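First up is the structure itself, then whatever we jot down about it.
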Amino acid sequence: MTTSDHAWPIELPNCVTVERKGQIAILTLNRPEKRNALSDELVLAMRAFFTSVPTDVSAIVVKGAGDHFCAGLDLNELKESSFFEGIENSVIGQGLNNDIQYCSVPVISVLHGAVVGGGLEIAVSTHIRVAEASAFYALPEGTRGIFLGSGGSVRLPRLIGTDAVMDMMLTGRVYSAEDAHAQLGMTQYLVGDGEGLEKAIHLAERIAENSKMSNYAIVQALPRIVESDPNTGLFTELLMAGIAQDDDEAKRRLREFLELKMNKVKRA
């Protein structure tokens, strides 16, 4: 584990590295020789990271070392398993992506090279996705006789549509970064190769300027509101609006805004 400012609260294995840039934490999947394929150790290390985020971190950037973001499951670790062993593995994978989606701070992923299978499931669990031109997306589960097991069958259809997911799983269709961005809305930003990290850090720094309560409300409440029936969603919105407005930081920002507006009026 490497750090530039503050040490991470817990020790993490070498399959991930952590760098701090002020309020921004950068998590790197560090198995480049395996295209950052998801070993048991890597999944557990990521879970440990996302469940130990310090209070002085305001945003997280996730990227892959080397030429790829993540090529999915490490097939060298994949073995014949019983029904219950398969369920246990999915529980761990779903737990990781729940940890990412419902992290205490916004998470931005930098996607390049292979974003495949379980790697795509991780990507769609992040709140903002920045793709480089080299990124490509695939769901080879159908050709391997397996099924999405880390939440992708829930998140992906809601993001890009059920038909697109079905096509990818049945036929092995591969989407380029440009096609996935333009046709499917897979990513919010598309940049040139080598430009993803700079863009992600810029976005993270912009996000860090918001009040922590507002960021928390957005990443925690908005997905739940969307999945609720309208009346429950509206009630949740009322509660979150009240909570956010009652935050001391929100009150301070409102006072500063009103004072600035008053000063402009006086000068006019």
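Going through the structure tokens in order, the chains are called A, B, and so on, while each chain numbers its residues from 1 and the ligands are numbered from 1 in the order shown.
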Just want the 7 Å neighbourhood of range 192-204 of chain A, counted on only C-alpha atoms, with same-chain residues fewer than 6 positions away dropped. Output as an mmCIF file with all heavy atoms, in the first residue's frame.
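As written to disk, out-v1.cif reads:
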```cif
data_model
loop_
_atom_site.group_PDB
_atom_site.id
_atom_site.type_symbol
_atom_site.label_atom_id
_atom_site.label_comp_id
_atom_site.auth_asym_id
_atom_site.auth_seq_id
_atom_site.Cartn_x
_atom_site.Cartn_y
_atom_site.Cartn_z
ATOM 1 N N ILE A 24 -8.989 13.353 -1.611
ATOM 2 C CA ILE A 24 -9.278 12.324 -2.605
ATOM 3 C C ILE A 24 -8.435 11.088 -2.322
ATOM 4 O O ILE A 24 -7.229 11.182 -2.096
ATOM 5 C CB ILE A 24 -8.961 12.826 -4.030
ATOM 6 C CG1 ILE A 24 -9.568 14.212 -4.270
ATOM 7 C CG2 ILE A 24 -9.441 11.810 -5.059
ATOM 8 C CD1 ILE A 24 -11.038 14.312 -4.027
ATOM 9 N N ALA A 59 -14.037 11.887 -1.618
ATOM 10 C CA ALA A 59 -14.347 11.201 -2.876
ATOM 11 C C ALA A 59 -13.272 10.156 -3.135
ATOM 12 O O ALA A 59 -12.141 10.271 -2.638
ATOM 13 C CB ALA A 59 -14.434 12.180 -4.041
ATOM 14 N N VAL A 61 -11.451 7.599 -6.225
ATOM 15 C CA VAL A 61 -11.230 7.244 -7.622
ATOM 16 C C VAL A 61 -10.720 5.805 -7.658
ATOM 17 O O VAL A 61 -9.804 5.446 -6.910
ATOM 18 C CB VAL A 61 -10.211 8.186 -8.290
ATOM 19 C CG1 VAL A 61 -9.872 7.701 -9.703
ATOM 20 C CG2 VAL A 61 -10.746 9.611 -8.327
ATOM 21 N N ILE A 108 -15.702 7.336 -8.242
ATOM 22 C CA ILE A 108 -15.511 7.538 -9.677
ATOM 23 C C ILE A 108 -14.577 6.448 -10.201
ATOM 24 O O ILE A 108 -13.516 6.200 -9.621
ATOM 25 C CB ILE A 108 -14.886 8.911 -9.960
ATOM 26 C CG1 ILE A 108 -15.747 10.021 -9.353
ATOM 27 C CG2 ILE A 108 -14.692 9.133 -11.451
ATOM 28 C CD1 ILE A 108 -15.065 11.378 -9.345
ATOM 29 N N VAL A 110 -12.208 4.891 -13.374
ATOM 30 C CA VAL A 110 -11.483 5.195 -14.603
ATOM 31 C C VAL A 110 -11.375 3.889 -15.386
ATOM 32 O O VAL A 110 -10.726 2.945 -14.938
ATOM 33 C CB VAL A 110 -10.081 5.751 -14.308
ATOM 34 C CG1 VAL A 110 -9.343 6.049 -15.614
ATOM 35 C CG2 VAL A 110 -10.159 6.987 -13.437
ATOM 36 N N VAL A 130 -15.687 7.235 -15.976
ATOM 37 C CA VAL A 130 -14.896 7.938 -16.985
ATOM 38 C C VAL A 130 -14.211 6.879 -17.835
ATOM 39 O O VAL A 130 -13.398 6.100 -17.330
ATOM 40 C CB VAL A 130 -13.842 8.858 -16.340
ATOM 41 C CG1 VAL A 130 -13.004 9.536 -17.418
ATOM 42 C CG2 VAL A 130 -14.502 9.888 -15.427
ATOM 43 N N ALA A 131 -14.536 6.830 -19.113
ATOM 44 C CA ALA A 131 -13.952 5.832 -20.001
ATOM 45 C C ALA A 131 -12.864 6.449 -20.863
ATOM 46 O O ALA A 131 -13.033 7.551 -21.390
ATOM 47 C CB ALA A 131 -15.022 5.219 -20.893
ATOM 48 N N GLU A 132 -11.773 5.740 -20.997
ATOM 49 C CA GLU A 132 -10.769 6.091 -21.991
ATOM 50 C C GLU A 132 -11.104 5.369 -23.297
ATOM 51 O O GLU A 132 -11.855 4.387 -23.310
ATOM 52 C CB GLU A 132 -9.373 5.708 -21.502
ATOM 53 C CG GLU A 132 -8.942 6.492 -20.268
ATOM 54 C CD GLU A 132 -7.476 6.265 -19.900
ATOM 55 O OE1 GLU A 132 -6.811 5.441 -20.561
ATOM 56 O OE2 GLU A 132 -6.999 6.931 -18.958
ATOM 57 N N ALA A 133 -10.528 5.839 -24.388
ATOM 58 C CA ALA A 133 -10.867 5.309 -25.711
ATOM 59 C C ALA A 133 -10.565 3.818 -25.838
ATOM 60 O O ALA A 133 -11.192 3.113 -26.641
ATOM 61 C CB ALA A 133 -10.118 6.092 -26.790
ATOM 62 N N SER A 134 -9.613 3.312 -25.055
ATOM 63 C CA SER A 134 -9.218 1.902 -25.167
ATOM 64 C C SER A 134 -10.179 0.947 -24.473
ATOM 65 O O SER A 134 -10.074 -0.271 -24.640
ATOM 66 C CB SER A 134 -7.821 1.706 -24.554
ATOM 67 O OG SER A 134 -7.858 1.955 -23.149
#
```
Please give the complete set of residues from range 5-118 of chain A that DSSP, run on the backbone, assigns to helix (DSSP H, G or I), formatted as a compact mmCIF listing (two decimals) with N, CA, C and O atoms, in the first residue's frame.
```
# COMPACT_ATOMS: atom_id res chain seq x y z
N PRO A 32 -1.67 -6.23 -12.56
CA PRO A 32 -1.59 -5.96 -14.00
C PRO A 32 -1.22 -7.19 -14.82
O PRO A 32 -1.64 -7.31 -15.98
N GLU A 33 -0.44 -8.09 -14.25
CA GLU A 33 -0.04 -9.30 -14.98
C GLU A 33 -1.23 -10.22 -15.24
O GLU A 33 -1.17 -11.10 -16.11
N LYS A 34 -2.31 -10.04 -14.49
CA LYS A 34 -3.54 -10.82 -14.64
C LYS A 34 -4.68 -9.96 -15.19
O LYS A 34 -5.84 -10.33 -15.07
N ASP A 40 -9.88 -13.95 -5.05
CA ASP A 40 -10.53 -13.83 -3.74
C ASP A 40 -9.84 -12.75 -2.91
O ASP A 40 -10.50 -11.95 -2.24
N GLU A 41 -8.50 -12.71 -2.97
CA GLU A 41 -7.75 -11.74 -2.18
C GLU A 41 -8.09 -10.32 -2.61
O GLU A 41 -8.27 -9.43 -1.76
N LEU A 42 -8.21 -10.10 -3.92
CA LEU A 42 -8.50 -8.75 -4.42
C LEU A 42 -9.91 -8.30 -4.00
O LEU A 42 -10.10 -7.17 -3.57
N VAL A 43 -10.87 -9.19 -4.13
CA VAL A 43 -12.24 -8.84 -3.74
C VAL A 43 -12.30 -8.48 -2.26
O VAL A 43 -12.91 -7.47 -1.86
N LEU A 44 -11.67 -9.30 -1.42
CA LEU A 44 -11.70 -9.04 0.02
C LEU A 44 -10.94 -7.76 0.37
O LEU A 44 -11.33 -7.02 1.28
N ALA A 45 -9.85 -7.49 -0.36
CA ALA A 45 -9.10 -6.26 -0.11
C ALA A 45 -9.93 -5.04 -0.47
O ALA A 45 -9.92 -4.02 0.25
N MET A 46 -10.68 -5.12 -1.56
CA MET A 46 -11.53 -3.99 -1.95
C MET A 46 -12.66 -3.79 -0.94
O MET A 46 -13.01 -2.65 -0.60
N ARG A 47 -13.21 -4.89 -0.45
CA ARG A 47 -14.25 -4.76 0.57
C ARG A 47 -13.68 -4.08 1.82
O ARG A 47 -14.33 -3.21 2.43
N ALA A 48 -12.47 -4.48 2.20
CA ALA A 48 -11.85 -3.87 3.38
C ALA A 48 -11.62 -2.38 3.17
O ALA A 48 -11.82 -1.57 4.08
N PHE A 49 -11.21 -2.02 1.96
CA PHE A 49 -10.99 -0.60 1.65
C PHE A 49 -12.28 0.20 1.77
O PHE A 49 -12.33 1.24 2.43
N PHE A 50 -13.33 -0.27 1.11
CA PHE A 50 -14.57 0.51 1.05
C PHE A 50 -15.33 0.54 2.36
O PHE A 50 -16.22 1.38 2.54
N PHE A 83 -23.76 -25.97 -5.08
CA PHE A 83 -24.78 -24.93 -5.11
C PHE A 83 -24.53 -23.89 -4.03
O PHE A 83 -24.54 -22.68 -4.29
N PHE A 84 -24.28 -24.34 -2.82
CA PHE A 84 -24.11 -23.41 -1.72
C PHE A 84 -22.78 -22.66 -1.79
O PHE A 84 -22.71 -21.49 -1.40
N GLU A 85 -21.74 -23.30 -2.32
CA GLU A 85 -20.48 -22.58 -2.51
C GLU A 85 -20.64 -21.46 -3.53
O GLU A 85 -20.09 -20.37 -3.37
N GLY A 86 -21.41 -21.73 -4.58
CA GLY A 86 -21.68 -20.70 -5.56
C GLY A 86 -22.43 -19.53 -4.97
O GLY A 86 -22.14 -18.36 -5.26
N ILE A 87 -23.40 -19.83 -4.11
CA ILE A 87 -24.15 -18.77 -3.44
C ILE A 87 -23.23 -17.95 -2.54
O ILE A 87 -23.30 -16.71 -2.52
N GLU A 88 -22.37 -18.61 -1.80
CA GLU A 88 -21.45 -17.91 -0.90
C GLU A 88 -20.54 -16.97 -1.69
O GLU A 88 -20.27 -15.84 -1.25
N ASN A 89 -20.05 -17.41 -2.84
CA ASN A 89 -19.20 -16.55 -3.67
C ASN A 89 -19.97 -15.32 -4.15
O ASN A 89 -19.44 -14.21 -4.17
N SER A 90 -21.24 -15.53 -4.54
CA SER A 90 -22.04 -14.40 -5.00
C SER A 90 -22.33 -13.43 -3.87
O SER A 90 -22.38 -12.21 -4.08
N VAL A 91 -22.53 -13.95 -2.67
CA VAL A 91 -22.78 -13.07 -1.52
C VAL A 91 -21.60 -12.13 -1.31
O VAL A 91 -21.77 -10.93 -1.06
N ILE A 92 -20.38 -12.65 -1.47
CA ILE A 92 -19.19 -11.81 -1.30
C ILE A 92 -19.10 -10.78 -2.42
O ILE A 92 -18.85 -9.59 -2.18
N GLY A 93 -19.34 -11.21 -3.67
CA GLY A 93 -19.29 -10.28 -4.80
C GLY A 93 -20.37 -9.22 -4.72
O GLY A 93 -20.11 -8.03 -4.97
N GLN A 94 -21.59 -9.63 -4.38
CA GLN A 94 -22.66 -8.64 -4.22
C GLN A 94 -22.34 -7.68 -3.07
O GLN A 94 -22.64 -6.49 -3.16
N GLY A 95 -21.74 -8.23 -2.01
CA GLY A 95 -21.37 -7.37 -0.89
C GLY A 95 -20.39 -6.30 -1.29
O GLY A 95 -20.53 -5.13 -0.89
N LEU A 96 -19.38 -6.66 -2.10
CA LEU A 96 -18.40 -5.66 -2.56
C LEU A 96 -19.10 -4.56 -3.34
O LEU A 96 -18.87 -3.36 -3.07
N ASN A 97 -19.95 -4.91 -4.29
CA ASN A 97 -20.55 -3.89 -5.13
C ASN A 97 -21.61 -3.07 -4.39
O ASN A 97 -21.83 -1.91 -4.72
N ASN A 98 -22.23 -3.66 -3.38
CA ASN A 98 -23.07 -2.86 -2.49
C ASN A 98 -22.22 -1.87 -1.69
O ASN A 98 -22.63 -0.72 -1.49
N ASP A 99 -21.05 -2.32 -1.24
CA ASP A 99 -20.14 -1.44 -0.51
C ASP A 99 -19.74 -0.24 -1.38
O ASP A 99 -19.61 0.88 -0.89
N ILE A 100 -19.54 -0.50 -2.67
CA ILE A 100 -19.15 0.58 -3.58
C ILE A 100 -20.33 1.52 -3.83
O ILE A 100 -20.21 2.74 -3.67
N GLN A 101 -21.48 0.96 -4.21
CA GLN A 101 -22.63 1.81 -4.53
C GLN A 101 -23.07 2.64 -3.33
O GLN A 101 -23.44 3.81 -3.48
N GLY A 118 -17.09 -9.50 -14.17
CA GLY A 118 -17.08 -8.91 -12.83
C GLY A 118 -16.48 -7.52 -12.79
O GLY A 118 -16.83 -6.72 -11.93
```
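Once Met240 in chain A and its same-chain neighbours fewer than 2 positions away are set aside, A:Met213, A:Ser214, A:Asn215, A:Tyr216, A:Ala217, A:Ile218, A:Val219, A:Gln220, A:Ala221, A:Leu222, A:Arg224, A:Ile225, A:Gly233, A:Leu234, A:Phe235, A:Thr236, A:Glu237, A:Leu238, A:Gly242, A:Ile243, A:Ala244, A:Gln245, A:Asp246, A:Asp247 remain within 12 Å of it when counting only C-alpha atoms.
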Leu170 in chain A environment, 9 Å, only C-alpha atoms, sequence neighbours closer than 5 positions dropped, as a VMD selection string: chain A and resid 139 to 143 165
Between CA of Leu111 in chain A and CA of Lys63 in chain A, distance in Å (one decimal):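 Distance reported for this atom pair: 6.8 Å.
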Residues near His68 in chain A, cut-off 6 Å, only C-alpha atoms, skip fewer than 6 positions along chain, as a PyMOL selection string: chain A and resi 35+112-114
Top pick for closest residue to Ala180 in chain A, considering A:Arg155, A:Tyr137, A:Thr162, A:Arg206 and counting only C-alpha atoms: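 Ranking A:Arg155, A:Tyr137, A:Thr162, A:Arg206 by distance to Ala180 in chain A, first place goes to A:Tyr137.
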Counting only C-alpha atoms, the residue of A:Ser58, A:Ser211, A:Ser176, A:Thr51 that sits nearest Val105 in chain A: A:Ser58
